[in-house]
Amino acid sequence: MKFLDQCKIFIRSGNGGAGSVSFRREKFIPNGGPDGGDGGRGGDVWIEAADGLNTLIDYRYQQHFKARTGDHGKGRQMHGANADDIVLRVPVGTEVLDEEGETLIVDLDIAGKRYLLAKGGNGGWGNTRFKGPVNQAPTFALPGQDGEERWLWLRLKLIADAGLLGLPNAGKSTFLAASSSAKPKIADYPFTTLTPNLGVIDLGPEQRFVLADIPGLIEGASEGAGLGTRFLGHVERTKVLIHLVDGTQDDPVKAYKVIRRELEAYAEDLALRPELLAINKVDAMDADARKKLKQKLKRASGQTPYLISGVSGEGVRELLFAALDTIQGRIPLGEDRNDDNDAPAPAAYSPWDS
């Protein structure tokens with residue numbers, strides 16, 4: 001299924017049905033009087049967050065949604081039927097914005113959450129409503145109220161516990177494939193991943209979290225360069241960021257700073273989100289190169305980076321447990337690792353490994 005995380009739609013609620021002008025004409029009843037019924041209510045337009053959906057692709061091929069008009073009233077005081085409502089089902093995490101795409105109308109962040117986007121018009125009154133001692137034979141009725149119409153933007157922000165960040169070709173897809181059952185596209189060229197991927201990390205009973213692989217960011221992403229802000233929004237709901245740096249590239253420290261600048265430019269609270277830094281592709285580095293790069297990145301970031309390899313699996317499990325600790329509000333036990341000892345500390349996690 002093709003991934004789509006943003007689309008524009010047009011909605012219109014139904015008009016109310018018109019009231020009826022009618023008089024009783026039964027035999028032997030010379031003064032029958034008015035008996036026109038009311039019109040039915042027009043259909044509402046609702047939006048609902050539904051489980052099992054992860055894309056807005058359904059709204060690419062149909063952008064207009066119009067509810068039916070209520071049935072008109074009839075004689076013999078028969079009221080028109082109310083029109084059926086329209087319910088737009090969207091993935092959990094979808095935001096609804098106004099036509100300009102700036103004002104947030106509702107954030108559907110919980111499964112089953114519903115919101116009324118457009119209320120249907122009320123049905124008009126029939127002439128029976130207007131009879132009285134002064135006007136015993138009213139010859140008029142009310143038309144139904146018009147429905148509401150508007151253009152809206154739907155924007156999906158994935159619901160994930162952790163977000164995977166890094167420059168193109170940093171090895172994010174390989175890391176996701178090595179740590180979950182997800183099967184993202186993996187290749188040896190930049191921008192292999194063009195849409196976010198989700199993977200469920202299973203570390204044991206009740207030790208699971210959802211990891212989102214965000215397509216590679218480049219310098220200027222916060223201003224729209226490359227894939228721009230379109231996919232940066234997918235990490236806004238995460239509790240921790242896992243920042244992968246390719247240890248084999250020319251300047252890993254610069255790569256780290258580029259991503260940090262883009263996070264700060266995009267949203268201040270996102271830049272303050274807990275972050276775990278990891279040097280990837282260490283299977284292609286010797287011990288001396290690992291140690292030097294680890295010290296450089298520690299000075300640049302203020303934290304001890306993890307050494308991992310998505311290909312060999314080295315250090316992956318330790319990093320995942322540190323992410324789980326952060327998500328659950330605990331301090332990762334690996335933060336006080338000795339810089340001279342690059343080996344993981346299995347003793348800290350042996351209760352979960354069993």
# chains A, B, ... in the order shown; residues from 1 in each chain; ligands from 1

call {"tool": "residues_around", "arguments": {"residues": "Arg114 in chain A", "least_positions_apart": "6", "cutoff": "8 Å", "atoms": "only C-alpha atoms", "output": "PyMOL selection string"}}
result
chain A and resi 46-49+108

call {"tool": "residues_around", "arguments": {"residues": "range 327-332 of chain A", "least_positions_apart": "3", "cutoff": "9 Å", "atoms": "only C-alpha atoms", "output": "JSON, numbers by chain"}}
result
{"A": [161, 162, 209, 238, 239, 240, 321, 322, 323, 324, 335, 336]}

call {"tool": "residues_around", "arguments": {"residues": "Thr103 in chain A", "least_positions_apart": "6", "cutoff": "10 Å", "atoms": "only C-alpha atoms", "output": "tab-separated table (two decimals) with all heavy atoms, in the first residue's frame"}}
result
chain	number	residue	atom	x	y	z
A	96	VAL	N	-6.19	17.46	11.79
A	96	VAL	CA	-7.07	18.16	10.85
A	96	VAL	C	-6.78	19.65	10.99
A	96	VAL	O	-6.86	20.21	12.09
A	96	VAL	CB	-8.55	17.87	11.15
A	96	VAL	CG1	-9.44	18.58	10.13
A	96	VAL	CG2	-8.83	16.38	11.13
A	97	LEU	N	-6.44	20.28	9.86
A	97	LEU	CA	-6.10	21.70	9.86
A	97	LEU	C	-7.03	22.46	8.92
A	97	LEU	O	-7.65	21.86	8.03
A	97	LEU	CB	-4.64	21.92	9.44
A	97	LEU	CG	-3.59	21.25	10.33
A	97	LEU	CD1	-3.14	19.95	9.70
A	97	LEU	CD2	-2.40	22.16	10.54
A	153	TRP	N	-7.20	20.31	5.50
A	153	TRP	CA	-5.98	19.53	5.30
A	153	TRP	C	-5.95	18.40	6.33
A	153	TRP	O	-6.23	18.62	7.51
A	153	TRP	CB	-4.74	20.40	5.47
A	153	TRP	CG	-4.41	21.22	4.26
A	153	TRP	CD1	-4.71	22.53	4.03
A	153	TRP	CD2	-3.68	20.77	3.10
A	153	TRP	NE1	-4.24	22.93	2.81
A	153	TRP	CE2	-3.60	21.88	2.22
A	153	TRP	CE3	-3.11	19.56	2.74
A	153	TRP	CZ2	-2.96	21.79	0.99
A	153	TRP	CZ3	-2.47	19.47	1.52
A	153	TRP	CH2	-2.40	20.58	0.65

call {"tool": "select_by_dssp", "arguments": {"residues": "range 70-303 of chain A", "states": "strand (DSSP E or B)", "output": "VMD selection string"}}
result
chain A and resid 74 78 86 to 91 94 to 97 104 to 108 114 to 118 149 to 156 162 to 165 197 to 202 208 to 213 240 to 246 275 to 280

call {"tool": "residues_around", "arguments": {"residues": "Pro143 in chain A", "least_positions_apart": "3", "cutoff": "9 Å", "atoms": "only C-alpha atoms", "output": "ChimeraX atom specification"}}
result
/A:16-20,39,123-126

call {"tool": "atom_distance", "arguments": {"atom1": "CA of Gly43 in chain A", "atom2": "CA of Leu116 in chain A"}}
result
11.2 Å

call {"tool": "select_by_dssp", "arguments": {"residues": "range 67-277 of chain A", "states": "alpha helix (DSSP H)", "output": "ChimeraX atom specification"}}
result
/A:172-179,229-232,252-266,268-271

call {"tool": "write_last_selection", "arguments": {"atoms": "C-alpha atoms", "output": "compact mmCIF listing (two decimals), in the first residue's frame"}}
result
# COMPACT_ATOMS: atom_id res chain seq x y z
CA LYS A 172 18.76 3.58 9.47
CA SER A 173 16.84 1.05 7.36
CA THR A 174 19.45 -1.62 8.03
CA PHE A 175 19.21 -0.91 11.76
CA LEU A 176 15.39 -1.14 11.65
CA ALA A 177 15.53 -4.43 9.75
CA ALA A 178 18.09 -5.83 12.20
CA SER A 179 16.07 -4.92 15.29
CA THR A 229 9.57 19.34 7.05
CA ARG A 230 7.15 16.80 5.58
CA PHE A 231 8.72 13.92 7.49
CA LEU A 232 10.20 15.83 10.42
CA PRO A 252 30.83 12.27 11.22
CA VAL A 253 30.92 15.19 13.67
CA LYS A 254 29.65 17.58 11.00
CA ALA A 255 26.91 15.09 10.09
CA TYR A 256 25.77 15.03 13.72
CA LYS A 257 25.70 18.83 13.94
CA VAL A 258 23.72 19.16 10.69
CA ILE A 259 20.86 17.06 12.05
CA ARG A 260 20.92 18.85 15.39
CA ARG A 261 20.65 22.26 13.66
CA GLU A 262 17.67 21.08 11.64
CA LEU A 263 15.89 19.81 14.74
CA GLU A 264 16.44 23.13 16.52
CA ALA A 265 15.26 25.11 13.50
CA TYR A 266 12.14 22.97 13.09
CA GLU A 268 12.54 23.91 19.94
CA ASP A 269 10.78 21.21 21.94
CA LEU A 270 11.92 18.59 19.42
CA ALA A 271 15.53 19.65 19.90

call {"tool": "atom_distance", "arguments": {"atom1": "CA of Ser13 in chain A", "atom2": "CA of Gly147 in chain A"}}
result
4.8 Å

call {"tool": "residues_around", "arguments": {"residues": "Thr139 in chain A", "least_positions_apart": "2", "cutoff": "9 Å", "atoms": "only C-alpha atoms", "output": "PyMOL selection string"}}
result
chain A and resi 21-22+34+127+137+141

call {"tool": "residues_around", "arguments": {"residues": "Asp107 in chain A", "least_positions_apart": "3", "cutoff": "7 Å", "atoms": "only C-alpha atoms", "output": "PDB file with N, CA, C and O atoms, in the first residue's frame"}}
result
ATOM      1  N   GLY A  93      -3.375   9.418  14.896  1.00  0.00           N
ATOM      2  CA  GLY A  93      -2.276  10.358  14.743  1.00  0.00           C
ATOM      3  C   GLY A  93      -2.521  11.405  13.682  1.00  0.00           C
ATOM      4  O   GLY A  93      -1.663  12.262  13.441  1.00  0.00           O
ATOM      5  N   THR A  94      -3.699  11.389  13.059  1.00  0.00           N
ATOM      6  CA  THR A  94      -4.024  12.355  12.014  1.00  0.00           C
ATOM      7  C   THR A  94      -4.433  13.688  12.630  1.00  0.00           C
ATOM      8  O   THR A  94      -5.226  13.735  13.567  1.00  0.00           O
ATOM      9  N   GLU A  95      -3.906  14.757  12.087  1.00  0.00           N
ATOM     10  CA  GLU A  95      -4.308  16.109  12.472  1.00  0.00           C
ATOM     11  C   GLU A  95      -5.188  16.695  11.378  1.00  0.00           C
ATOM     12  O   GLU A  95      -4.941  16.490  10.194  1.00  0.00           O
ATOM     13  N   VAL A  96      -6.194  17.462  11.792  1.00  0.00           N
ATOM     14  CA  VAL A  96      -7.074  18.164  10.854  1.00  0.00           C
ATOM     15  C   VAL A  96      -6.783  19.651  10.986  1.00  0.00           C
ATOM     16  O   VAL A  96      -6.858  20.214  12.088  1.00  0.00           O
TER      17      VAL A  96
END

call {"tool": "closest_residue", "arguments": {"among": "A:Ala267, A:Leu158, A:Ile308, A:Ala300", "to": "Val235 in chain A", "atoms": "only C-alpha atoms"}}
result
A:Leu158

call {"tool": "residues_around", "arguments": {"residues": "Lys296 in chain A", "least_positions_apart": "4", "cutoff": "12 Å", "atoms": "only C-alpha atoms", "output": "PyMOL selection string"}}
result
chain A and resi 247+251-254+256+279+289-292+300-305+339

call {"tool": "write_last_selection", "arguments": {"atoms": "N, CA and C atoms", "output": "CSV table (one decimal), in the first residue's frame"}}
result
chain,number,residue,atom,x,y,z
A,247,GLY,N,29.8,6.1,10.8
A,247,GLY,CA,31.2,6.3,11.3
A,247,GLY,C,32.2,6.2,10.2
A,251,ASP,N,33.2,13.2,7.6
A,251,ASP,CA,33.2,14.0,8.7
A,251,ASP,C,31.9,13.7,9.6
A,252,PRO,N,32.0,12.7,10.4
A,252,PRO,CA,30.8,12.3,11.2
A,252,PRO,C,30.4,13.4,12.2
A,253,VAL,N,31.3,14.1,12.7
A,253,VAL,CA,30.9,15.2,13.7
A,253,VAL,C,30.1,16.2,13.0
A,254,LYS,N,30.4,16.6,11.8
A,254,LYS,CA,29.7,17.6,11.0
A,254,LYS,C,28.3,17.0,10.7
A,256,TYR,N,26.6,14.9,12.5
A,256,TYR,CA,25.8,15.0,13.7
A,256,TYR,C,25.2,16.4,13.9
A,279,ILE,N,27.1,5.5,16.9
A,279,ILE,CA,28.0,5.5,15.7
A,279,ILE,C,27.7,4.2,15.0
A,289,ALA,N,40.2,3.7,15.3
A,289,ALA,CA,39.3,4.6,14.7
A,289,ALA,C,38.0,4.8,15.5
A,290,ARG,N,37.5,3.7,16.1
A,290,ARG,CA,36.4,3.7,16.9
A,290,ARG,C,36.6,4.6,18.1
A,291,LYS,N,37.7,4.4,18.8
A,291,LYS,CA,38.0,5.2,20.0
A,291,LYS,C,38.1,6.7,19.7
A,292,LYS,N,38.8,7.1,18.6
A,292,LYS,CA,38.9,8.5,18.3
A,292,LYS,C,37.6,9.1,18.0
A,300,ALA,N,31.4,16.7,21.1
A,300,ALA,CA,30.4,17.5,20.3
A,300,ALA,C,29.0,17.4,20.9
A,301,SER,N,28.7,16.3,21.4
A,301,SER,CA,27.3,16.0,21.8
A,301,SER,C,27.1,16.1,23.3
A,302,GLY,N,28.1,15.9,24.1
A,302,GLY,CA,28.0,15.9,25.5
A,302,GLY,C,27.5,14.6,26.1
A,303,GLN,N,27.5,13.5,25.3
A,303,GLN,CA,27.0,12.2,25.7
A,303,GLN,C,27.9,11.2,25.1
A,304,THR,N,28.0,10.0,25.8
A,304,THR,CA,28.8,8.9,25.2
A,304,THR,C,28.1,8.2,24.2
A,305,PRO,N,28.5,8.2,22.9
A,305,PRO,CA,27.8,7.5,21.9
A,305,PRO,C,27.9,6.0,22.0
A,339,ASP,N,34.8,5.1,28.5
A,339,ASP,CA,35.2,5.4,27.1
A,339,ASP,C,36.2,4.5,26.6

call {"tool": "atom_distance", "arguments": {"atom1": "CA of Glu314 in chain A", "atom2": "CA of Leu164 in chain A"}}
result
17.4 Å
